[in-house]
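*Asks:* Can you keep this structure in mind? I'll have questions shortly.
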Amino acid sequence: MKVTVDMGLCQDHGQCAIAAPLVFRINDEGHLEYDGTPDESERLNVEEAADVCPVQAILIED
Amino acid sequence: MSGSAVAVVGGSLAGLRAAEQLRIAGHTGPLTVYSAEAHLPYNRPPLSKEVLADPDLADAEAMVARLAFRRRAVVEDVDFRLGAEVTAADLATGKLTLGDGSGESFDGLVVATGLRPRRLGCPGPVAGRHVLRTVEDCLDLRADLAPGSRVVVVGAGFIGCEAACTLTTLGHRVTVVEPTGAPMNRVIGPELAVAVQQHHEAAGIAFVIGPGVSAFTGTDRVTGVTLDDGTHLPADLVVEAVGSVCNTEFLAGNPGPDLTDGVLTDNRLAVVGVSNAVAVGDVARFPNPLFDDVPRRVEHWSIPTDTAKRAAATLAARLRGDEPDPTPFAPIPSFWSDQLDLRFQSFGSPALGPEIRLEEGDLDHLTAGVLTTHHRDGQHVGTIALNLPPARQRQLREAFTAVVPTA
């Protein structure tokens with residue numbers, strides 16, 4: 001699974017870090033860091049993260 | 001009965017998520033989403049903010065391309081019928097009537113019709129008066145603006161305030177009229193509301209708090225707004241942000257459902273009085289055991305996705321002849337609002353809590369961060385975070401996951 005976040009759209013809402021904390025994380029500066037190639041076992045959480053992103057910035061490619 | 005047909009009436013966020021979740025819940029029969037809008041489901045909150053402010057998004061297609069929701073692969077075989085408004089549903093016979101007079105049938109129904117903006121009924125011209133819910137609304141508003149337009153925003157809820165802030169940033173002269181008190185006070189509480197009003201006033205937004213609108217002046221189009229204390233506010237255009245009306249008329253005449261305020265459901269989103277229908281999103285009035293057993297509609301951005309997931313599981317079980325999952329459904333409502341240099345984050349239902357505690361920050365320095373918790377009868381029911389770091393959200397939200405549902 002390949003995950004891409006459009007950093008031009010991302011507004012650091014942090015909802016993804018609640019839905020999929022092993023893949024997305026807000027760093028100490030308040031900005032998003034993420035694992036672009038998470039394990040398949042994280043798929044449900046990543047789908048959930050993409051759903052709850054307020055600006056729809058998360059793209060999942062299979 | 002795997003071949004049973006499900007009709008999802010309403011093609012916005014809640015309708016899309018319901019279709020996805022029905023497939024995930026194992027419904028393999030025909031699935032049709034009927035949307036009154038001409039576009040695939042898209043994200044509405046940016047319409048009062050960044051999309052309103054972006055002149056490069058010059059037409060509906062460009063806006064929808066920017067705002068369209070990602071659709072999961074599981075809805076590849078779902079029939080999205082755009083521009084297909086459902087005008088009536090007969091729940092006893094499973095028949096839908098569409099705007100063009102044609103009929104369709106269903107075995108299971110998802111009510112996902114949402115809301116439309118309430119309009120002011122006062123006398124006066126119609127031209128120059130706007131609302132903000134669809135891409136067309138946003139385009140119409142933008143097309144009506146000229147440099148330095150005088151705009152009266154009626155209603156100081158979240159959408160009214162967001163529109164006022166965006167229009168001010170774009171250089172327009174904005175006055176907000178609100179009869180019920182300082183902006184957003186019903187949700188954020190009166191003291192924070194007054195502080196936010198002062199913050200917005202410092203940026204050039206005028207507020208008239210107290211009087212309501214009694215008439216619009218002008219002949220062919222609006223030239224101003226007359227308030228019920230006799231004040232006249234000149235205006236080149238008006239934005240009406242005075243709440244919403246539930247799109248439930250298509251269900252009128254059926255003996256089962258309670259349509260008093262949206263569609264009454266049980267805690268599993270099954271429409272009360274109807275065996276084969278669920279309701280999702282803004283229009284669903286359901287009890288949330290996080291708070292109490294009173295059914296309420298919740299117009300928060302997180303609710304369509306949460307209710308769709310549960311409603312789909314309930315409907316799929318019913319169509320199979322199974323009993324739906326009895327686990328209490330206790331979603332944590334949340335939403336955000338961006339206004340000038342302020343970002344509001346809400347968790348739970350702060351409007352339910354009359355006792356408000358300022359936990360962090362200083363109401364004279366909002367941009368530095370403020371945290372309020374809202375309580376009712378000793379129970380923490382809501383949280384408002386203003387300009388707090390996003391890394392704090394998880395902890396703020398988890399305050400509610402720790403609450404054991406009482407139902």
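Residues in the structure tokens are named by chain (A, B, ... in the order shown) and by number from 1 within that chain; ligands are numbered from 1 in the order shown.
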Would you list which chain B residues are within 7 Å of chain A using only C-alpha atoms, as a PyMOL selection string?
*Replies:* chain B and resi 69+389-391+394
*Asks:* Name the residues in contact with region 317-334 of chain B at a cut-off of 6 Å, using only C-alpha atoms, excluding same-chain residues fewer than 3 positions from it; report them as an MDAnalysis selection string.
*Replies:* chainID B and resid 1 288:290 302 314 346:348
*Asks:* Rounded to one decimal place, report the CA of Leu259 (chain B)-CA of Ser4 (chain B) distance in Å.
*Replies:* 25.9 Å
*Asks:* When you count only C-alpha atoms, which of these residues is closest to Asn276 (chain B): B:Val111, B:Ala53, B:Leu366, B:Ala156?
*Replies:*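 When distances to Asn276 (chain B) are compared using only C-alpha atoms, the smallest one comes from B:Val111.
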*Asks:* Run DSSP on the backbone and grab whatever in region 127-255 of chain B lands in strand (DSSP E); send it over as an mmCIF file with C-alpha atoms, in the first residue's frame.
*Replies:*
data_model
loop_
_atom_site.group_PDB
_atom_site.id
_atom_site.type_symbol
_atom_site.label_atom_id
_atom_site.label_comp_id
_atom_site.auth_asym_id
_atom_site.auth_seq_id
_atom_site.Cartn_x
_atom_site.Cartn_y
_atom_site.Cartn_z
ATOM 1 C CA ARG B 129 -29.378 37.481 -1.231
ATOM 2 C CA HIS B 130 -27.170 34.428 -0.899
ATOM 3 C CA ARG B 150 -20.700 46.044 1.489
ATOM 4 C CA VAL B 151 -21.897 42.680 2.763
ATOM 5 C CA VAL B 152 -24.399 42.017 5.531
ATOM 6 C CA VAL B 153 -24.127 38.506 6.937
ATOM 7 C CA VAL B 154 -27.286 37.515 8.786
ATOM 8 C CA ARG B 173 -16.822 45.533 4.220
ATOM 9 C CA VAL B 174 -18.738 43.101 6.360
ATOM 10 C CA THR B 175 -21.412 43.588 9.023
ATOM 11 C CA VAL B 176 -22.758 40.562 10.903
ATOM 12 C CA VAL B 177 -26.293 40.737 12.319
ATOM 13 C CA GLU B 178 -27.234 38.282 15.065
ATOM 14 C CA ALA B 206 -18.765 45.000 12.410
ATOM 15 C CA PHE B 207 -21.285 43.173 14.588
ATOM 16 C CA VAL B 208 -24.863 44.219 15.340
ATOM 17 C CA ILE B 209 -25.991 41.998 18.196
ATOM 18 C CA VAL B 213 -33.880 41.504 10.313
ATOM 19 C CA SER B 214 -37.337 42.868 9.514
ATOM 20 C CA ALA B 215 -37.015 43.682 5.800
ATOM 21 C CA PHE B 216 -34.732 43.985 2.815
ATOM 22 C CA THR B 217 -34.701 47.315 0.982
ATOM 23 C CA GLY B 224 -29.825 47.198 2.390
ATOM 24 C CA VAL B 225 -31.232 45.508 5.441
ATOM 25 C CA THR B 226 -33.732 47.022 7.875
ATOM 26 C CA LEU B 227 -33.501 45.737 11.437
ATOM 27 C CA HIS B 232 -30.913 50.472 8.242
ATOM 28 C CA LEU B 233 -27.684 48.837 7.067
ATOM 29 C CA PRO B 234 -26.751 49.598 3.435
ATOM 30 C CA LEU B 237 -25.360 41.883 -0.992
ATOM 31 C CA VAL B 238 -26.560 39.735 1.876
ATOM 32 C CA VAL B 239 -25.451 36.316 3.066
ATOM 33 C CA GLU B 240 -28.137 34.435 5.008
ATOM 34 C CA SER B 244 -31.098 24.785 8.186
ATOM 35 C CA VAL B 245 -34.229 22.931 7.195
ATOM 36 C CA CYS B 246 -34.312 19.123 7.044
#
*Asks:* Do a neighbour search on Thr219 (chain B) at 10 Å with only C-alpha atoms, toss out local chain neighbours closer than 6 positions, and write the hits as a list of chain:residue names.
*Replies:* B:Gly124, B:Pro125, B:Val126, B:Ala127
*Asks:* Save the residues we just selected, N, CA and C atoms, as a short mmCIF file (atom, residue, chain, number, x, y, z; two decimals), in the first residue's frame?
*Replies:*
data_model
loop_
_atom_site.label_atom_id
_atom_site.label_comp_id
_atom_site.auth_asym_id
_atom_site.auth_seq_id
_atom_site.Cartn_x
_atom_site.Cartn_y
_atom_site.Cartn_z
N GLY B 124 -39.14 42.03 0.72
CA GLY B 124 -38.07 42.71 0.00
C GLY B 124 -37.60 41.90 -1.18
N PRO B 125 -36.69 42.46 -1.95
CA PRO B 125 -36.22 41.78 -3.16
C PRO B 125 -35.42 40.51 -2.84
N VAL B 126 -35.34 39.61 -3.80
CA VAL B 126 -34.62 38.36 -3.64
C VAL B 126 -33.19 38.47 -4.18
N ALA B 127 -33.03 39.21 -5.29
CA ALA B 127 -31.70 39.30 -5.93
C ALA B 127 -30.70 39.95 -4.99
#
*Asks:* What separation in Å, quoted to one decimal, exists between CA of Arg119 (chain B) and CA of Ala351 (chain B)?
*Replies:*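 Interatomic distance here is 23.5 Å.
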*Asks:* Please indicate the distance in Å from CA of Arg357 (chain B) to CA of Thr383 (chain B), rounded to one decimal place.
*Replies:* 9.6 Å
*Asks:* Taking the DSSP assignment computed from this structure's backbone, write out as JSON, numbers by chain all residues of chain A that belong to helix (DSSP H, G or I).
*Replies:* {"A": [15, 16, 17, 18, 19, 40, 41, 42, 43, 44, 45, 46, 47, 48, 49, 50, 51, 52]}
*Asks:* Keeping only N, CA and C atoms, write the selected residues as a PDB file, in the first residue's frame.
*Replies:*
ATOM      1  N   GLN A  15      -6.414  14.797  12.272  1.00  0.00           N
ATOM      2  CA  GLN A  15      -7.431  13.741  12.416  1.00  0.00           C
ATOM      3  C   GLN A  15      -6.872  12.378  12.007  1.00  0.00           C
ATOM      4  N   CYS A  16      -5.971  12.377  11.004  1.00  0.00           N
ATOM      5  CA  CYS A  16      -5.380  11.117  10.549  1.00  0.00           C
ATOM      6  C   CYS A  16      -4.553  10.460  11.649  1.00  0.00           C
ATOM      7  N   ALA A  17      -3.909  11.292  12.467  1.00  0.00           N
ATOM      8  CA  ALA A  17      -3.064  10.755  13.532  1.00  0.00           C
ATOM      9  C   ALA A  17      -3.896  10.116  14.631  1.00  0.00           C
ATOM     10  N   ILE A  18      -5.183  10.492  14.696  1.00  0.00           N
ATOM     11  CA  ILE A  18      -6.084   9.833  15.641  1.00  0.00           C
ATOM     12  C   ILE A  18      -6.560   8.504  15.047  1.00  0.00           C
ATOM     13  N   ALA A  19      -6.853   8.505  13.742  1.00  0.00           N
ATOM     14  CA  ALA A  19      -7.407   7.300  13.105  1.00  0.00           C
ATOM     15  C   ALA A  19      -6.345   6.227  12.871  1.00  0.00           C
ATOM     16  N   GLU A  40       0.358  -3.693   5.142  1.00  0.00           N
ATOM     17  CA  GLU A  40      -1.011  -3.979   4.716  1.00  0.00           C
ATOM     18  C   GLU A  40      -1.974  -4.084   5.906  1.00  0.00           C
ATOM     19  N   SER A  41      -1.454  -4.479   7.059  1.00  0.00           N
ATOM     20  CA  SER A  41      -2.309  -4.622   8.254  1.00  0.00           C
ATOM     21  C   SER A  41      -2.883  -3.282   8.705  1.00  0.00           C
ATOM     22  N   GLU A  42      -2.327  -2.185   8.219  1.00  0.00           N
ATOM     23  CA  GLU A  42      -2.818  -0.849   8.595  1.00  0.00           C
ATOM     24  C   GLU A  42      -3.895  -0.329   7.641  1.00  0.00           C
ATOM     25  N   ARG A  43      -4.290  -1.168   6.641  1.00  0.00           N
ATOM     26  CA  ARG A  43      -5.160  -0.651   5.602  1.00  0.00           C
ATOM     27  C   ARG A  43      -6.458  -0.035   6.139  1.00  0.00           C
ATOM     28  N   LEU A  44      -7.119  -0.744   7.047  1.00  0.00           N
ATOM     29  CA  LEU A  44      -8.408  -0.234   7.550  1.00  0.00           C
ATOM     30  C   LEU A  44      -8.228   1.114   8.242  1.00  0.00           C
ATOM     31  N   ASN A  45      -7.157   1.227   9.027  1.00  0.00           N
ATOM     32  CA  ASN A  45      -6.914   2.488   9.727  1.00  0.00           C
ATOM     33  C   ASN A  45      -6.589   3.610   8.745  1.00  0.00           C
ATOM     34  N   VAL A  46      -5.827   3.288   7.694  1.00  0.00           N
ATOM     35  CA  VAL A  46      -5.459   4.319   6.720  1.00  0.00           C
ATOM     36  C   VAL A  46      -6.691   4.763   5.915  1.00  0.00           C
ATOM     37  N   GLU A  47      -7.549   3.806   5.575  1.00  0.00           N
ATOM     38  CA  GLU A  47      -8.811   4.166   4.895  1.00  0.00           C
ATOM     39  C   GLU A  47      -9.620   5.111   5.773  1.00  0.00           C
ATOM     40  N   GLU A  48      -9.683   4.787   7.057  1.00  0.00           N
ATOM     41  CA  GLU A  48     -10.399   5.620   8.021  1.00  0.00           C
ATOM     42  C   GLU A  48      -9.769   7.020   8.086  1.00  0.00           C
ATOM     43  N   ALA A  49      -8.443   7.067   8.094  1.00  0.00           N
ATOM     44  CA  ALA A  49      -7.740   8.352   8.153  1.00  0.00           C
ATOM     45  C   ALA A  49      -8.067   9.199   6.924  1.00  0.00           C
ATOM     46  N   ALA A  50      -8.091   8.553   5.756  1.00  0.00           N
ATOM     47  CA  ALA A  50      -8.411   9.289   4.524  1.00  0.00           C
ATOM     48  C   ALA A  50      -9.844   9.819   4.579  1.00  0.00           C
ATOM     49  N   ASP A  51     -10.758   9.016   5.153  1.00  0.00           N
ATOM     50  CA  ASP A  51     -12.158   9.456   5.273  1.00  0.00           C
ATOM     51  C   ASP A  51     -12.295  10.683   6.167  1.00  0.00           C
ATOM     52  N   VAL A  52     -11.549  10.711   7.271  1.00  0.00           N
ATOM     53  CA  VAL A  52     -11.768  11.778   8.254  1.00  0.00           C
ATOM     54  C   VAL A  52     -10.895  13.005   8.016  1.00  0.00           C
TER      55      VAL A  52
END
*Asks:* Find the residues near Thr37 (chain A): any atom within 7 Å, counting only C-alpha atoms, skip ones fewer than 2 places away on the same chain, and give them as JSON, numbers by chain.
*Replies:* {"A": [1, 2, 3, 35, 39]}
*Asks:* Kindly indicate which residue among B:Ala65, B:Ala164, B:Ala25, B:Leu386 lies nearest to Asp362 (chain B), using only C-alpha atoms for the distances.
*Replies:* B:Leu386
*Asks:* Just want the 8 Å neighbourhood of Asp282 (chain B), counted on only C-alpha atoms, with same-chain residues fewer than 3 positions away dropped. Output as a list in words.
*Replies:*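 Once the nearby chain positions are removed, what remains is Gly114, Leu115, Gly262, Arg297, Val298, Glu299, His300, Ile303 and Pro304 of chain B.
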